[in-house]
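Structure, as structure tokens:
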Amino acid sequence: MSTSALMETKATLDRSSPAHSGWRARVFAFLLLRVNAKYEHLMAARKRALLVDLRGTVLEIGPGAGVNLRHYDPGVHWIGIEPNPYMRAYLEKEAERCGLQVDLRAGNAEQLDVADRSMDAVVCTLVLCSVRDVGRVLREIHRVLKPGAHFVFIEHVAAPRGTWLRCLQDLFRPLLVRFAVGCHPNRETWTIIEGAGFSKMALHHFRAPALLPILSPHIAGVAIR
């Protein structure tokens with residue numbers, strides 16, 4: 001994952017964080033547009049494969065500046081939960097470019113302002129690294145999905161234990177938590193998803209393009225409620 005994609009994640013979660021108000025939130029929103037293009041270009045095929053077939057009402061958590069909007073079918077009813085108010089103008093501009101109607105709402109991942117069993121899909125990309133309580137977020141996702149609906153995710157995660165990369169992630173975690181708005185580069189997110197009560201799941205580990213090697217381990221997949 002690129003540094004800019006990391007910025008996008010941090011700028012979209014945990015509404016109580018200082019990064020989501022004032023000048024820091026404004027800077028995050030501005031920077032991600034300037035330096036995120038390479039990551040999105042290299043990840044486009046993978047994202048499109050996961051998102052293009054979604055239909056009905058789709059909830060995206062932490063959509064940031066709307067980098068995923070281009071991959072959706074124009075007929076979806078798209079709802080976004082986004083705590084950073086400075087993302088709105090960028091996202092609405094991208095939605096207009098894509099010809100997609102959007103319903104963007106303020107909020108955070110741990111408490112989704114969405115009715116029970118009302119979503120046909122929930123999408124989460126580069127978000128779970130920085131939430132305070134991944135388990136709570138996944139319980140909220142499970143709550144709002146209709147039975148049989150899909151949770152689609154792409155996240156950067158911990159490297160295997162005992163590897164030099166995992167040692168670096170452990171070493172730099174306090175620094176990133178403090179200065180990258182809560183990022184946990186050594187979070188074993190897949191284990192939490194596996195234990196979240198979904199009926200079926202397909203999950204793939206891979207290495208993504210990254211300016212920082214400690215952010216390159218990724219997972220992508222689909223879980224079914």
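A note on labels: chains of the structure tokens are A, B, ... as shown, every chain counts residues from 1, and ligands are counted from 1 in their shown order.
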| field | For segment 59-76 of chain A: contacts at 6 Å, only C-alpha atoms, fewer than 6 positions along chain excluded, given as a list in words | value |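 The residues satisfying every condition are Glu8, Thr12, Arg48, Leu51, Val52, Glu82, Met87, Tyr90, Leu91, Cys98, Leu100, Val122, Val123 and Cys124 of chain A.
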| request: Find the residues around Ile81 of chain A up to 7 Å (only C-alpha atoms counted), leave out those fewer than 2 positions away in its own chain, and share them as a ChimeraX atom specification. | output: /A:60-62,79,83,104-108
Could you turn the residues from that selection into a file that holds N, CA and C atoms, as a compact mmCIF listing (two decimals), in the first residue's frame?
```
# COMPACT_ATOMS: atom_id res chain seq x y z
N GLU A 60 -20.32 1.74 1.73
CA GLU A 60 -18.87 1.78 1.79
C GLU A 60 -18.44 2.54 3.03
N ILE A 61 -17.59 1.89 3.84
CA ILE A 61 -17.09 2.49 5.06
C ILE A 61 -15.76 3.18 4.77
N GLY A 62 -15.65 4.44 5.14
CA GLY A 62 -14.41 5.18 4.91
C GLY A 62 -14.06 5.33 3.45
N ILE A 79 -24.11 4.22 -0.53
CA ILE A 79 -24.10 5.00 0.69
C ILE A 79 -22.68 4.96 1.26
N PRO A 83 -16.12 10.14 8.17
CA PRO A 83 -16.02 11.12 9.25
C PRO A 83 -15.26 12.40 8.88
N LEU A 104 -23.70 10.41 0.85
CA LEU A 104 -22.55 10.47 1.75
C LEU A 104 -22.99 11.00 3.11
N ARG A 105 -22.67 10.23 4.16
CA ARG A 105 -23.10 10.56 5.51
C ARG A 105 -21.90 10.64 6.45
N ALA A 106 -22.00 11.51 7.44
CA ALA A 106 -20.97 11.57 8.47
C ALA A 106 -21.15 10.40 9.42
N GLY A 107 -20.04 9.90 9.96
CA GLY A 107 -20.14 8.80 10.91
C GLY A 107 -18.82 8.08 11.03
N ASN A 108 -18.81 6.98 11.77
CA ASN A 108 -17.61 6.18 11.90
C ASN A 108 -17.93 4.70 11.86
```
| request: Please identify all polymer residues within 12 Å of Leu203 of chain A, counting only C-alpha atoms, omitting same-chain residues fewer than 2 positions from it, and present them as a ChimeraX atom specification. | output: /A:50,151-155,189-191,193-194,200-201,205-206,218-224
Those selected residues, please, written with N, CA and C atoms and delivered as a PDB file, in the first residue's frame.
```
ATOM      1  N   LEU A  50     -13.667  -7.211  -7.530  1.00  0.00           N
ATOM      2  CA  LEU A  50     -14.431  -7.356  -6.296  1.00  0.00           C
ATOM      3  C   LEU A  50     -15.704  -6.511  -6.281  1.00  0.00           C
ATOM      4  N   PHE A 151     -19.723  -8.970   2.407  1.00  0.00           N
ATOM      5  CA  PHE A 151     -18.767  -8.008   2.945  1.00  0.00           C
ATOM      6  C   PHE A 151     -17.490  -8.138   2.108  1.00  0.00           C
ATOM      7  N   VAL A 152     -17.130  -7.060   1.410  1.00  0.00           N
ATOM      8  CA  VAL A 152     -15.978  -7.055   0.502  1.00  0.00           C
ATOM      9  C   VAL A 152     -14.878  -6.199   1.122  1.00  0.00           C
ATOM     10  N   PHE A 153     -13.649  -6.712   1.134  1.00  0.00           N
ATOM     11  CA  PHE A 153     -12.585  -5.996   1.837  1.00  0.00           C
ATOM     12  C   PHE A 153     -11.235  -6.131   1.141  1.00  0.00           C
ATOM     13  N   ILE A 154     -10.433  -5.088   1.276  1.00  0.00           N
ATOM     14  CA  ILE A 154      -8.999  -5.088   0.947  1.00  0.00           C
ATOM     15  C   ILE A 154      -8.315  -4.337   2.080  1.00  0.00           C
ATOM     16  N   GLU A 155      -7.331  -4.960   2.720  1.00  0.00           N
ATOM     17  CA  GLU A 155      -6.672  -4.353   3.866  1.00  0.00           C
ATOM     18  C   GLU A 155      -5.181  -4.672   3.864  1.00  0.00           C
ATOM     19  N   THR A 189      -5.509  -8.845  10.858  1.00  0.00           N
ATOM     20  CA  THR A 189      -6.925  -8.554  10.603  1.00  0.00           C
ATOM     21  C   THR A 189      -7.690  -9.774  10.112  1.00  0.00           C
ATOM     22  N   TRP A 190      -7.045 -10.629   9.343  1.00  0.00           N
ATOM     23  CA  TRP A 190      -7.743 -11.788   8.783  1.00  0.00           C
ATOM     24  C   TRP A 190      -8.257 -12.716   9.869  1.00  0.00           C
ATOM     25  N   THR A 191      -7.533 -12.841  10.970  1.00  0.00           N
ATOM     26  CA  THR A 191      -7.986 -13.734  12.036  1.00  0.00           C
ATOM     27  C   THR A 191      -9.263 -13.206  12.682  1.00  0.00           C
ATOM     28  N   ILE A 193     -11.533 -11.291  11.122  1.00  0.00           N
ATOM     29  CA  ILE A 193     -12.618 -11.504  10.152  1.00  0.00           C
ATOM     30  C   ILE A 193     -13.071 -12.960  10.175  1.00  0.00           C
ATOM     31  N   GLU A 194     -12.120 -13.869  10.245  1.00  0.00           N
ATOM     32  CA  GLU A 194     -12.463 -15.294  10.269  1.00  0.00           C
ATOM     33  C   GLU A 194     -13.310 -15.668  11.476  1.00  0.00           C
ATOM     34  N   LYS A 200     -19.659 -17.888   5.184  1.00  0.00           N
ATOM     35  CA  LYS A 200     -18.639 -18.331   4.229  1.00  0.00           C
ATOM     36  C   LYS A 200     -17.649 -17.187   4.008  1.00  0.00           C
ATOM     37  N   MET A 201     -16.432 -17.551   3.606  1.00  0.00           N
ATOM     38  CA  MET A 201     -15.453 -16.510   3.329  1.00  0.00           C
ATOM     39  C   MET A 201     -14.408 -17.019   2.352  1.00  0.00           C
ATOM     40  N   HIS A 205      -4.171 -13.756   0.572  1.00  0.00           N
ATOM     41  CA  HIS A 205      -3.029 -12.952   0.998  1.00  0.00           C
ATOM     42  C   HIS A 205      -2.168 -12.630  -0.229  1.00  0.00           C
ATOM     43  N   PHE A 206      -1.676 -11.399  -0.301  1.00  0.00           N
ATOM     44  CA  PHE A 206      -0.816 -11.020  -1.416  1.00  0.00           C
ATOM     45  C   PHE A 206       0.034  -9.824  -1.011  1.00  0.00           C
ATOM     46  N   HIS A 218      -0.987  -7.643   2.210  1.00  0.00           N
ATOM     47  CA  HIS A 218      -2.408  -7.316   2.061  1.00  0.00           C
ATOM     48  C   HIS A 218      -3.252  -8.582   2.122  1.00  0.00           C
ATOM     49  N   ILE A 219      -4.525  -8.360   2.395  1.00  0.00           N
ATOM     50  CA  ILE A 219      -5.532  -9.383   2.184  1.00  0.00           C
ATOM     51  C   ILE A 219      -6.651  -8.777   1.355  1.00  0.00           C
ATOM     52  N   ALA A 220      -7.350  -9.625   0.600  1.00  0.00           N
ATOM     53  CA  ALA A 220      -8.547  -9.212  -0.120  1.00  0.00           C
ATOM     54  C   ALA A 220      -9.508 -10.384  -0.100  1.00  0.00           C
ATOM     55  N   GLY A 221     -10.783 -10.090  -0.049  1.00  0.00           N
ATOM     56  CA  GLY A 221     -11.722 -11.196  -0.032  1.00  0.00           C
ATOM     57  C   GLY A 221     -13.162 -10.771   0.087  1.00  0.00           C
ATOM     58  N   VAL A 222     -14.002 -11.785   0.225  1.00  0.00           N
ATOM     59  CA  VAL A 222     -15.448 -11.608   0.380  1.00  0.00           C
ATOM     60  C   VAL A 222     -15.930 -12.540   1.477  1.00  0.00           C
ATOM     61  N   ALA A 223     -16.709 -11.999   2.402  1.00  0.00           N
ATOM     62  CA  ALA A 223     -17.340 -12.790   3.446  1.00  0.00           C
ATOM     63  C   ALA A 223     -18.850 -12.673   3.296  1.00  0.00           C
ATOM     64  N   ILE A 224     -19.566 -13.756   3.528  1.00  0.00           N
ATOM     65  CA  ILE A 224     -21.021 -13.784   3.339  1.00  0.00           C
ATOM     66  C   ILE A 224     -21.711 -13.901   4.692  1.00  0.00           C
TER      67      ILE A 224
END
```
| task | Assign secondary structure with DSSP using the backbone only, and return the residues of segment 39-172 of chain A in alpha helix (DSSP H) as an MDAnalysis selection string. | result | chainID A and resid 39:51 88:98 134:144 164:172
| request: Give me, please, the distance in Å between atom CA of His204 of chain A and atom CA of Thr163 of chain A, quoted to one decimal. | output: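 Atom CA of His204 of chain A sits 19.1 Å away from atom CA of Thr163 of chain A.
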| remark: Counting only C-alpha atoms, the residue among A:Val134, A:Leu212, A:Leu126, A:Ala158 that lies closest to Lys47 of chain A is A:Leu126
| said: With DSSP run on the backbone, what are the strand (DSSP E) residues within segment 153-201 of chain A? I'd like them as a list in words. | reply: Phe153, Ile154, Glu155, His156, Lys200 and Met201 of chain A
Include N, CA and C atoms and write out the residues we just selected as an mmCIF file, in the first residue's frame.
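Dumped to again-v3.cif:
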```cif
data_model
loop_
_atom_site.group_PDB
_atom_site.id
_atom_site.type_symbol
_atom_site.label_atom_id
_atom_site.label_comp_id
_atom_site.auth_asym_id
_atom_site.auth_seq_id
_atom_site.Cartn_x
_atom_site.Cartn_y
_atom_site.Cartn_z
ATOM 1 N N PHE A 153 -13.649 -6.712 1.134
ATOM 2 C CA PHE A 153 -12.585 -5.996 1.837
ATOM 3 C C PHE A 153 -11.235 -6.131 1.141
ATOM 4 N N ILE A 154 -10.433 -5.088 1.276
ATOM 5 C CA ILE A 154 -8.999 -5.088 0.947
ATOM 6 C C ILE A 154 -8.315 -4.337 2.080
ATOM 7 N N GLU A 155 -7.331 -4.960 2.720
ATOM 8 C CA GLU A 155 -6.672 -4.353 3.866
ATOM 9 C C GLU A 155 -5.181 -4.672 3.864
ATOM 10 N N HIS A 156 -4.388 -3.752 4.382
ATOM 11 C CA HIS A 156 -2.993 -4.115 4.633
ATOM 12 C C HIS A 156 -2.908 -4.712 6.033
ATOM 13 N N LYS A 200 -19.659 -17.888 5.184
ATOM 14 C CA LYS A 200 -18.639 -18.331 4.229
ATOM 15 C C LYS A 200 -17.649 -17.187 4.008
ATOM 16 N N MET A 201 -16.432 -17.551 3.606
ATOM 17 C CA MET A 201 -15.453 -16.510 3.329
ATOM 18 C C MET A 201 -14.408 -17.019 2.352
#
```
Would you list the contacts of Asp116 of chain A as an mmCIF file with C-alpha atoms, in the first residue's frame, taking every protein, DNA or RNA residue within 8 Å and counting only C-alpha atoms, but skipping same-chain residues closer than 4 positions in sequence?
```
data_model
loop_
_atom_site.group_PDB
_atom_site.id
_atom_site.type_symbol
_atom_site.label_atom_id
_atom_site.label_comp_id
_atom_site.auth_asym_id
_atom_site.auth_seq_id
_atom_site.Cartn_x
_atom_site.Cartn_y
_atom_site.Cartn_z
ATOM 1 C CA ARG A 143 -25.645 -6.292 11.719
ATOM 2 C CA VAL A 144 -26.399 -4.133 8.686
ATOM 3 C CA LEU A 145 -25.986 -6.853 6.022
ATOM 4 C CA LYS A 146 -28.970 -8.754 4.731
#
```
| Of the residues A:Ser118, A:Ser199, A:Ser216, A:Thr57, which is the one nearest to Gln169 of chain A, using only C-alpha atoms? |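 When distances to Gln169 of chain A are compared using only C-alpha atoms, the smallest one comes from A:Ser216.
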| query | Using only C-alpha atoms, which of A:Gly56, A:Pro209, A:Pro217, A:Gly99 sits nearest Arg187 of chain A? | reply |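 Ranked by minimum distance to Arg187 of chain A, first place goes to A:Pro217.
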